[in-house]
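File shown: query-v3.cif. Contents: mmCIF, C-alpha atoms.
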```cif
data_model
loop_
_atom_site.label_atom_id
_atom_site.label_comp_id
_atom_site.auth_asym_id
_atom_site.auth_seq_id
_atom_site.Cartn_x
_atom_site.Cartn_y
_atom_site.Cartn_z
CA ASN T 1 -26.12 -19.65 -13.97
CA ALA T 2 -29.34 -19.65 -11.98
CA LEU T 3 -28.37 -16.45 -10.22
CA ARG T 4 -27.32 -14.84 -13.49
CA SER T 5 -30.70 -15.71 -15.00
CA PHE T 6 -32.41 -14.51 -11.84
CA PHE T 7 -30.87 -11.05 -11.94
CA SER T 8 -31.37 -10.77 -15.69
CA PHE T 9 -35.02 -11.58 -15.03
CA PHE T 10 -35.16 -8.80 -12.42
CA GLN T 11 -33.81 -6.40 -15.03
CA ALA T 12 -36.19 -7.34 -17.81
CA THR T 13 -39.45 -7.91 -15.94
CA PRO T 14 -41.95 -5.04 -15.63
CA LYS T 15 -42.50 -3.98 -12.01
CA PRO T 16 -46.12 -5.22 -11.62
CA GLU T 17 -45.22 -8.70 -12.89
CA LEU T 18 -42.13 -8.74 -10.67
CA ILE T 19 -44.16 -7.88 -7.56
CA ASN T 20 -46.65 -10.61 -8.41
CA PHE T 21 -43.79 -13.08 -8.86
CA LEU T 22 -42.37 -12.20 -5.44
CA ARG T 23 -45.79 -12.41 -3.81
CA CYS T 24 -46.26 -15.94 -5.20
CA HIS T 25 -42.89 -17.12 -3.94
CA ASN T 26 -42.53 -15.15 -0.72
CA ASN T 27 -41.34 -18.22 1.17
CA TYR T 28 -37.99 -17.69 -0.47
CA PHE T 29 -37.86 -13.92 -0.50
CA LEU T 30 -37.82 -11.18 2.06
CA PRO T 31 -41.29 -10.84 3.67
CA ASN T 32 -41.65 -7.18 2.71
CA ALA T 33 -40.30 -7.58 -0.81
CA ALA T 34 -43.72 -8.06 -2.39
CA THR T 35 -44.91 -4.65 -1.28
CA SER T 36 -41.60 -2.83 -1.52
CA ASN T 37 -41.28 0.15 -3.84
CA ASN T 38 -37.48 -0.03 -3.84
CA HIS T 39 -35.66 -0.44 -7.13
CA ASP T 40 -33.30 -3.03 -5.61
CA ILE T 41 -35.26 -5.95 -4.14
CA GLY T 42 -33.18 -8.26 -2.00
CA PHE T 43 -33.60 -11.94 -1.28
CA GLN T 44 -32.30 -14.24 1.40
CA LEU T 45 -30.96 -17.79 1.36
CA SER T 46 -31.62 -18.49 5.04
CA LYS T 47 -35.16 -19.75 4.40
CA SER T 48 -33.94 -22.44 2.06
CA PRO T 49 -33.20 -25.87 3.65
CA SER T 50 -29.89 -25.86 1.85
CA LEU T 51 -28.09 -23.91 -0.82
CA ASN T 52 -28.49 -26.68 -3.39
CA SER T 53 -32.21 -27.04 -2.82
CA TYR T 54 -32.58 -23.28 -3.08
CA PHE T 55 -30.87 -23.20 -6.46
CA ALA T 56 -32.93 -26.20 -7.57
CA LYS T 57 -36.12 -24.41 -6.61
CA LEU T 58 -34.91 -21.19 -8.24
CA SER T 59 -34.01 -23.02 -11.47
CA SER T 60 -37.42 -24.66 -11.49
CA ILE T 61 -39.13 -21.28 -11.13
CA LEU T 62 -36.98 -19.68 -13.81
CA SER T 63 -37.63 -22.56 -16.23
CA THR T 64 -41.34 -21.71 -16.20
CA MET T 65 -40.80 -18.06 -16.95
CA SER T 66 -41.37 -16.67 -20.46
CA PRO T 67 -39.40 -15.60 -22.44
CA PRO T 68 -36.33 -17.66 -21.48
CA VAL T 69 -33.29 -15.67 -20.36
CA SER T 70 -29.83 -16.45 -21.70
CA THR T 71 -27.32 -17.56 -19.06
CA ALA T 72 -24.25 -16.83 -21.17
CA GLY T 73 -21.82 -14.04 -20.48
CA PRO T 74 -21.49 -11.62 -17.58
CA ILE T 75 -24.39 -9.96 -15.85
CA ALA T 76 -25.59 -7.00 -17.90
CA LYS T 77 -25.74 -3.61 -16.24
CA LYS T 78 -29.15 -2.15 -15.64
CA PRO T 79 -29.97 0.15 -18.57
CA ARG T 80 -29.99 3.82 -17.75
CA THR T 81 -33.48 5.29 -17.99
CA THR T 82 -34.04 8.85 -19.13
CA GLY T 83 -36.92 11.19 -18.59
CA THR T 84 -40.04 10.77 -20.69
CA THR T 85 -41.75 14.08 -20.03
CA LYS T 86 -42.31 16.26 -23.04
CA LYS T 87 -40.11 19.01 -21.63
CA ASN T 88 -37.10 16.78 -21.03
CA GLU T 89 -37.54 13.89 -23.44
CA ASN T 90 -34.40 14.83 -25.40
CA ASP T 91 -32.16 16.13 -22.61
CA GLU T 92 -30.42 12.75 -22.15
CA ILE T 93 -30.37 13.32 -18.39
CA PRO T 94 -31.09 10.04 -16.58
CA VAL T 95 -33.79 9.62 -13.98
CA PRO T 96 -32.30 9.78 -10.46
CA GLU T 97 -32.39 6.57 -8.43
CA ILE T 98 -32.92 7.34 -4.76
CA THR T 99 -30.97 5.21 -2.30
CA GLN T 100 -32.85 3.82 0.70
CA LEU T 101 -30.65 4.83 3.62
CA ASP T 102 -31.81 1.99 5.90
CA TYR T 103 -29.56 -0.35 3.91
CA VAL T 104 -25.81 -0.28 4.52
CA SER T 105 -23.42 -1.34 1.77
CA LEU T 106 -19.79 -1.82 2.80
CA THR T 107 -18.54 -1.13 -0.72
CA SER T 108 -19.58 -1.31 -4.37
CA HIS T 109 -18.15 -2.97 -7.45
CA ALA T 110 -17.91 -1.73 -11.02
CA ASP T 111 -19.69 -4.70 -12.63
CA ALA T 112 -22.36 -5.23 -9.98
CA PHE T 113 -26.03 -5.25 -10.87
CA GLY T 114 -27.58 -1.78 -10.78
CA VAL T 115 -24.29 0.15 -10.69
CA ASP T 116 -24.56 2.87 -13.32
CA PRO T 117 -22.48 5.97 -12.46
CA ILE T 118 -23.13 9.21 -14.32
CA PRO T 119 -20.28 9.46 -16.87
CA ILE T 120 -17.48 11.97 -16.30
CA SER T 121 -15.39 13.27 -19.20
CA TRP T 122 -12.80 15.25 -17.25
CA GLY T 123 -11.47 18.23 -19.18
CA HIS T 124 -14.38 18.63 -21.59
CA PRO T 125 -15.29 22.33 -22.06
CA ASP T 126 -19.05 21.69 -21.97
CA PRO T 127 -20.12 21.07 -18.36
CA LEU T 128 -23.04 18.91 -19.48
CA VAL T 129 -20.73 16.67 -21.49
CA ARG T 130 -18.14 16.73 -18.73
CA GLY T 131 -20.86 15.62 -16.33
CA PRO T 132 -21.71 16.65 -12.75
CA VAL T 133 -19.70 15.41 -9.80
CA ILE T 134 -22.15 13.33 -7.77
CA CYS T 135 -20.84 12.38 -4.33
CA THR T 136 -23.92 12.48 -2.12
CA VAL T 137 -25.47 9.51 -0.30
CA ARG T 138 -28.74 9.89 -2.16
CA HIS T 139 -27.70 8.22 -5.43
CA SER T 140 -25.44 5.28 -4.57
CA SER T 141 -25.86 3.50 -7.90
CA GLN T 142 -25.26 6.66 -9.96
CA ARG T 143 -22.53 8.19 -7.81
CA ASN T 144 -19.39 8.96 -9.83
CA ALA T 145 -17.03 10.07 -7.06
CA ILE T 146 -15.43 8.36 -4.08
CA GLY T 147 -15.49 10.04 -0.68
CA ALA T 148 -17.85 12.66 0.69
CA HIS T 149 -18.45 16.39 0.52
CA SER T 150 -17.01 18.74 3.16
CA GLY T 151 -13.80 16.78 3.62
CA SER T 152 -13.17 15.78 7.23
CA TYR T 153 -16.28 17.71 8.30
CA CYS T 154 -18.53 15.02 6.80
CA ILE T 155 -18.14 13.29 10.19
CA TYR T 156 -20.26 16.04 11.74
CA THR T 157 -23.05 15.29 9.28
CA GLY T 158 -22.99 11.71 10.53
CA LEU T 159 -23.12 12.92 14.14
CA ALA T 160 -26.09 15.17 13.37
CA VAL T 161 -27.97 12.27 11.78
CA ALA T 162 -27.08 9.94 14.68
CA ALA T 163 -28.34 12.51 17.19
CA GLY T 164 -31.63 12.83 15.33
CA LYS T 165 -30.97 16.49 14.56
CA LEU T 166 -30.71 16.07 10.77
CA ASN T 167 -32.97 14.10 8.46
CA PRO T 168 -30.66 11.88 6.36
CA ASP T 169 -33.01 12.43 3.40
CA TYR T 170 -32.67 16.21 3.61
CA VAL T 171 -31.60 17.89 0.37
CA PRO T 172 -30.80 21.63 0.42
CA ASN T 173 -32.59 23.78 -2.12
CA LEU T 174 -29.78 25.48 -4.01
CA LYS T 175 -31.80 26.59 -7.03
CA LEU T 176 -31.86 30.25 -5.98
CA THR T 177 -28.11 30.45 -5.32
CA SER T 178 -25.50 31.66 -7.78
CA PRO T 179 -21.98 33.16 -7.67
CA VAL T 180 -21.91 36.91 -7.04
CA PHE T 181 -19.17 37.32 -9.64
CA ASN T 182 -18.15 35.31 -12.67
CA ILE T 183 -15.13 33.04 -12.88
CA GLY T 184 -14.22 31.64 -16.30
CA PRO T 185 -14.57 29.62 -18.30
CA HIS T 186 -10.83 29.59 -19.04
CA LYS T 187 -8.76 27.61 -21.49
CA SER T 188 -7.03 25.73 -18.69
CA TRP T 189 -10.34 24.13 -17.73
CA THR T 190 -10.19 21.93 -20.83
CA ASP T 191 -6.74 20.53 -20.09
CA PRO T 192 -6.75 17.61 -17.58
CA LYS T 193 -3.06 18.27 -16.92
CA LYS T 194 -3.78 21.85 -15.83
CA ILE T 195 -6.63 21.24 -13.37
CA ALA T 196 -6.80 18.01 -11.37
CA SER T 197 -7.47 18.93 -7.74
CA ILE T 198 -10.62 21.10 -8.02
CA ASP T 199 -13.80 21.02 -10.09
CA PRO T 200 -13.71 24.14 -12.31
CA PHE T 201 -17.50 23.95 -12.68
CA GLY T 202 -18.00 23.53 -8.94
CA HIS T 203 -19.34 27.08 -8.48
CA ILE T 204 -21.98 26.96 -11.23
CA VAL T 205 -23.78 23.74 -10.34
CA THR T 206 -27.20 25.40 -10.27
CA GLU T 207 -26.62 26.89 -13.72
CA ALA T 208 -24.74 24.12 -15.53
CA TYR T 209 -26.72 21.23 -14.07
CA ALA T 210 -30.16 22.78 -13.63
CA GLY T 211 -31.70 19.91 -15.60
CA TYR T 212 -30.28 17.38 -13.15
CA LEU T 213 -31.53 19.38 -10.17
CA ASP T 214 -35.00 19.70 -11.70
CA LYS T 215 -35.18 15.91 -12.03
CA GLY T 216 -34.34 15.42 -8.38
CA PHE T 217 -30.58 14.81 -8.34
CA ASP T 218 -28.74 15.85 -5.19
CA ILE T 219 -25.69 17.67 -6.57
CA ARG T 220 -23.66 19.89 -4.28
CA PRO T 221 -21.39 22.81 -5.22
CA THR T 222 -17.70 22.39 -4.42
CA ILE T 223 -16.88 26.10 -4.76
CA ALA T 224 -18.67 28.97 -3.00
CA VAL T 225 -18.20 32.45 -4.47
CA THR T 226 -19.06 35.69 -2.67
CA LYS T 227 -17.77 39.18 -1.76
CA ALA T 228 -16.60 40.38 1.62
CA HIS T 229 -14.91 43.15 3.62
CA ILE T 230 -11.57 42.54 5.31
CA ASP T 231 -10.94 44.60 8.46
CA LEU T 232 -7.45 44.22 9.92
CA PRO T 233 -5.79 46.49 12.49
CA GLU T 234 -2.55 46.27 10.47
CA THR T 235 -4.34 47.65 7.41
CA ARG T 236 -5.82 50.51 9.44
CA GLU T 237 -2.35 51.25 10.77
CA ALA T 238 -0.96 51.24 7.22
CA VAL T 239 -3.62 53.81 6.21
CA LYS T 240 -2.82 55.95 9.25
CA SER T 241 0.91 55.85 8.51
CA GLY T 242 0.43 56.60 4.83
CA ARG T 243 1.75 53.29 3.46
CA LEU T 244 -1.72 52.63 2.03
CA VAL T 245 -3.97 55.27 0.45
CA PRO T 246 -7.75 54.67 0.41
CA ASP T 247 -9.33 54.83 -3.04
CA GLY T 248 -12.96 54.13 -2.03
CA LYS T 249 -13.11 51.11 -4.34
CA ILE T 250 -10.55 48.59 -3.13
CA LEU T 251 -9.59 50.27 0.14
CA LEU T 252 -12.04 52.34 2.17
CA PRO T 253 -11.09 55.31 4.39
CA THR T 254 -11.96 53.18 7.43
CA GLY T 255 -9.15 50.78 6.55
CA GLN T 256 -11.50 48.09 5.37
CA SER T 257 -10.63 46.45 2.05
CA ILE T 258 -13.11 44.90 -0.37
CA VAL T 259 -12.40 41.42 -1.67
CA SER T 260 -13.90 38.76 -3.86
CA LYS T 261 -13.78 35.37 -2.16
CA ALA T 262 -13.97 31.75 -3.27
CA ALA T 263 -14.00 28.79 -0.88
CA VAL T 264 -12.87 25.65 -2.70
CA GLU T 265 -13.41 22.00 -1.77
CA PRO T 266 -10.82 19.57 -3.17
CA VAL T 267 -11.95 17.33 -6.04
CA TRP T 268 -9.19 15.04 -7.31
CA TYR T 269 -8.97 13.57 -10.78
CA LEU T 270 -6.96 10.48 -9.85
CA PRO T 271 -5.22 9.74 -13.21
CA GLU T 272 -3.61 13.20 -13.27
CA ILE T 273 -2.85 13.21 -9.55
CA ALA T 274 -0.99 9.93 -10.08
CA ARG T 275 0.94 11.35 -13.03
CA ARG T 276 2.03 14.37 -11.00
CA PHE T 277 3.36 12.12 -8.24
CA GLY T 278 5.18 9.91 -10.72
CA CYS T 279 3.27 6.72 -10.03
CA THR T 280 0.52 4.66 -11.59
CA GLU T 281 -3.09 5.24 -10.69
CA THR T 282 -3.21 1.74 -9.18
CA VAL T 283 -0.28 2.49 -6.87
CA LEU T 284 -1.88 5.80 -5.83
CA ARG T 285 -5.20 4.11 -5.03
CA GLN T 286 -3.55 1.32 -3.06
CA SER T 287 -1.34 3.73 -1.11
CA ILE T 288 -4.24 5.96 -0.04
CA PHE T 289 -6.34 2.91 0.83
CA ARG T 290 -3.60 1.41 2.99
CA MET T 291 -2.51 4.58 4.73
CA THR T 292 -6.11 5.46 5.69
CA ASN T 293 -6.55 2.00 7.24
CA GLY T 294 -8.97 0.92 4.52
CA MET T 295 -11.19 3.97 4.91
CA TYR T 296 -12.06 4.04 1.21
CA PRO T 297 -12.43 0.48 -0.18
CA GLU T 298 -13.88 1.85 -3.41
CA LEU T 299 -10.42 3.10 -4.30
CA ILE T 300 -9.74 -0.60 -4.89
CA THR T 301 -13.14 -1.96 -5.90
CA ARG T 302 -14.19 0.89 -8.22
CA PRO T 303 -11.40 1.56 -10.74
CA ASP T 304 -14.13 2.90 -13.04
CA ILE T 305 -14.61 5.93 -10.75
CA LYS T 306 -11.83 8.44 -11.38
CA ILE T 307 -12.97 11.25 -9.04
CA PHE T 308 -12.05 11.36 -5.34
CA LEU T 309 -13.13 13.86 -2.70
CA PRO T 310 -10.36 13.44 -0.11
CA PRO T 311 -10.88 13.96 3.65
CA ILE T 312 -8.67 17.05 3.76
CA GLY T 313 -9.21 20.75 4.24
CA GLY T 314 -10.11 23.02 1.37
CA LEU T 315 -8.72 26.42 0.50
CA THR T 316 -10.00 29.97 0.35
CA ILE T 317 -8.99 32.55 -2.24
CA TYR T 318 -9.18 36.28 -1.44
CA ILE T 319 -8.97 38.54 -4.48
CA TRP T 320 -8.34 42.29 -4.31
CA GLY T 321 -9.30 44.04 -7.54
CA ASP T 322 -11.10 42.73 -10.61
CA PRO T 323 -11.07 38.89 -10.81
CA ASP T 324 -11.48 39.11 -14.59
CA THR T 325 -7.99 40.54 -14.94
CA ILE T 326 -6.21 37.61 -13.29
CA PRO T 327 -5.61 35.64 -16.53
CA ASP T 328 -4.26 38.76 -18.31
CA ASP T 329 -0.45 38.44 -18.54
CA ASP T 330 -0.14 42.18 -19.15
CA ILE T 331 -1.59 43.05 -15.73
CA GLU T 332 0.62 42.89 -12.66
CA LEU T 333 -0.35 40.21 -10.13
CA THR T 334 0.72 39.75 -6.52
CA CYS T 335 0.04 36.38 -4.92
CA ARG T 336 0.79 34.76 -1.58
CA VAL T 337 0.09 31.12 -0.73
CA HIS T 338 -0.56 31.23 3.00
CA ASP T 339 -0.94 28.25 5.33
CA GLU T 340 -3.42 29.49 7.92
CA CYS T 341 -2.18 29.46 11.51
CA ASN T 342 -4.50 29.99 14.47
CA GLY T 343 -1.65 30.60 16.88
CA SER T 344 -0.24 33.59 15.03
CA ASP T 345 -2.98 34.62 12.58
CA VAL T 346 -5.75 34.66 15.21
CA PHE T 347 -4.11 34.96 18.63
CA GLY T 348 -0.97 36.89 17.68
CA SER T 349 1.36 34.34 19.24
CA ASP T 350 5.07 35.01 18.72
CA ILE T 351 5.84 31.31 18.44
CA CYS T 352 5.80 31.81 14.66
CA THR T 353 5.71 34.68 12.16
CA CYS T 354 2.69 33.70 10.10
CA ARG T 355 0.54 36.76 10.78
CA PRO T 356 3.22 39.37 9.88
CA TYR T 357 3.78 37.57 6.57
CA LEU T 358 0.03 37.46 5.98
CA THR T 359 -0.63 41.14 6.75
CA HIS T 360 2.35 42.24 4.68
CA ALA T 361 1.05 40.14 1.74
CA ILE T 362 -2.41 41.73 2.06
CA GLU T 363 -0.86 45.19 2.04
CA GLU T 364 1.09 44.38 -1.14
CA CYS T 365 -2.00 42.84 -2.79
CA ILE T 366 -3.98 46.03 -2.11
CA LYS T 367 -1.21 48.18 -3.62
CA THR T 368 -1.00 45.99 -6.72
CA ALA T 369 -4.78 45.98 -7.19
CA GLN T 370 -4.85 49.78 -6.93
CA ARG T 371 -2.14 50.08 -9.58
#
```
Written as structure tokens, how would this file's structure read?
Amino acid sequence: NALRSFFSFFQATPKPELINFLRCHNNYFLPNAATSNNHDIGFQLSKSPSLNSYFAKLSSILSTMSPPVSTAGPIAKKPRTTGTTKKNENDEIPVPEITQLDYVSLTSHADAFGVDPIPISWGHPDPLVRGPVICTVRHSSQRNAIGAHSGSYCIYTGLAVAAGKLNPDYVPNLKLTSPVFNIGPHKSWTDPKKIASIDPFGHIVTEAYAGYLDKGFDIRPTIAVTKAHIDLPETREAVKSGRLVPDGKILLPTGQSIVSKAAVEPVWYLPEIARRFGCTETVLRQSIFRMTNGMYPELITRPDIKIFLPPIGGLTIYIWGDPDTIPDDDIELTCRVHDECNGSDVFGSDICTCRPYLTHAIEECIKTAQR
């Protein structure tokens, strides 16, 4: 009860009074707590002669505080604060809470003090109502996804920080970036059973969540959209032999083809992933937790978080022709799902036949796009 009152007091007390309180009782609190600007101020029990005497002292201190704090019921979550500037006073976007990276937390819990993830309404057509996917280390209390960006490559970020080559507080400025061609919105984006392994708004973060970025949130795109030229010797050979005819728009006389490209990072909506695999969400979470040797404890401790960025590779989509025509059932579409293979695709090894399948698929995609 004393601890419950203590944390409720931390919630309700204005910062100047709280700092003064800590300064007066710094024999029982961390030495630097009185001057700390952190939102989460820790305390230690080691300076107390015994646990019982510590609680006795704490209860005595709390009994003198005004107004009294109720000790009934569970610990209340810290209320979400929103911006008070005139420009953003009605945008309902919370103020970002910046995590101090010198503190290491092994896991988090849904009902813990200060935990207040940004809500996600998966499948909502309005990206602001749906909510941004926040999975960066900068906002631990407001993070609404388990895992890390870049899949297995997040390890290299850790190596760069450990080597002193990357400031852990660094946030890329993405405000001037935008997709070079439009994708959607499409009807399927509003059906959680249609899309569950990618974020359909992942390519328009700077547009859909500009208000969050302006307030200081670190939100990363999970889809990168651009245009490119593909130059394959097999395509040049197909032009030379007459199997492909350059049109100057999709296929150039040089044998280069022009594509629209999207690189996609996996973003899993766990309830639907579980449904597709015919199991409960609890079984899915426990299975992934166990088979990764406990790599993601929040799969167990944070059932309130439904988004997971798994440590797996992403995918890249190459589109020949107009991307806007893809949803049109009246327009012919050629598609190949290709599992990239360095041995054959890159080095031309005859140990497998991946590259011939790939180059044939590209040739057929070019023909279809031209038609």
Starting from the shown file, work through the PyMOL selection byres ((chain T and resi 258) around 9) and note down what comes out as JSON, numbers by chain. {"T": [227, 228, 229, 230, 249, 250, 251, 252, 256, 257, 259, 260, 319, 320, 321]}
Nearest to T:Val115, chosen from T:Val180, T:Ile305, T:Ile300, T:Cys365, with all atoms listed in the file counted in the distances: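 Once distances to T:Val115 are computed over all atoms listed in the file, the minimum belongs to T:Ile305.
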Suppose you want the space between atom CA of T:Lys367 and atom CA of T:Pro233; what is it in Å? 16.8 Å
Would you compute the distance between atom CA of T:Arg285 and atom CA of T:Ile198? Give it in Å to one decimal.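 Taking atom CA of T:Arg285 and atom CA of T:Ile198, their separation equals 18.1 Å.
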Can you give me, as an MDAnalysis selection string, the residues this file yields under the PyMOL selection byres ((chain T and resi 200) around 12)? chainID T and resid 122:127 130:133 183:192 194:199 201:205 208 221:224 262 264:269
Keeping only C-alpha atoms, write the selected residues as a compact mmCIF listing (two decimals), keeping the file's coordinate frame.
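Once written, result12.txt looks like this:
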```
# COMPACT_ATOMS: atom_id res chain seq x y z
CA TRP T 122 -12.80 15.25 -17.25
CA GLY T 123 -11.47 18.23 -19.18
CA HIS T 124 -14.38 18.63 -21.59
CA PRO T 125 -15.29 22.33 -22.06
CA ASP T 126 -19.05 21.69 -21.97
CA PRO T 127 -20.12 21.07 -18.36
CA ARG T 130 -18.14 16.73 -18.73
CA GLY T 131 -20.86 15.62 -16.33
CA PRO T 132 -21.71 16.65 -12.75
CA VAL T 133 -19.70 15.41 -9.80
CA ILE T 183 -15.13 33.04 -12.88
CA GLY T 184 -14.22 31.64 -16.30
CA PRO T 185 -14.57 29.62 -18.30
CA HIS T 186 -10.83 29.59 -19.04
CA LYS T 187 -8.76 27.61 -21.49
CA SER T 188 -7.03 25.73 -18.69
CA TRP T 189 -10.34 24.13 -17.73
CA THR T 190 -10.19 21.93 -20.83
CA ASP T 191 -6.74 20.53 -20.09
CA PRO T 192 -6.75 17.61 -17.58
CA LYS T 194 -3.78 21.85 -15.83
CA ILE T 195 -6.63 21.24 -13.37
CA ALA T 196 -6.80 18.01 -11.37
CA SER T 197 -7.47 18.93 -7.74
CA ILE T 198 -10.62 21.10 -8.02
CA ASP T 199 -13.80 21.02 -10.09
CA PHE T 201 -17.50 23.95 -12.68
CA GLY T 202 -18.00 23.53 -8.94
CA HIS T 203 -19.34 27.08 -8.48
CA ILE T 204 -21.98 26.96 -11.23
CA VAL T 205 -23.78 23.74 -10.34
CA ALA T 208 -24.74 24.12 -15.53
CA PRO T 221 -21.39 22.81 -5.22
CA THR T 222 -17.70 22.39 -4.42
CA ILE T 223 -16.88 26.10 -4.76
CA ALA T 224 -18.67 28.97 -3.00
CA ALA T 262 -13.97 31.75 -3.27
CA VAL T 264 -12.87 25.65 -2.70
CA GLU T 265 -13.41 22.00 -1.77
CA PRO T 266 -10.82 19.57 -3.17
CA VAL T 267 -11.95 17.33 -6.04
CA TRP T 268 -9.19 15.04 -7.31
CA TYR T 269 -8.97 13.57 -10.78
```
Between atom CA of T:Glu92 and atom CA of T:Leu270, measure the distance and give it in Å to one decimal.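 Atom CA of T:Leu270 lies 26.6 Å from atom CA of T:Glu92.
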Once the PyMOL selection byres ((chain T and resi 134-137) around 10) has been applied to the shown file, what residues remain in the selection, as a ChimeraX atom specification? /T:98-101,117-118,120,131-133,138-149,168-169,171,217-221,307-309
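Taking only C-alpha atoms, the non-local environment of stretch 104-111 of chain T within 7 Å (same-chain residues fewer than 3 positions away omitted) comprises Val115, Pro297, Glu298, Thr301, Arg302 and Asp304 of chain T.
Closest approach to T:Leu315 from the set T:Cys279, T:Ala263, T:Leu174, T:Val161 is made by T:Ala263, with distances taken over only C-alpha atoms.
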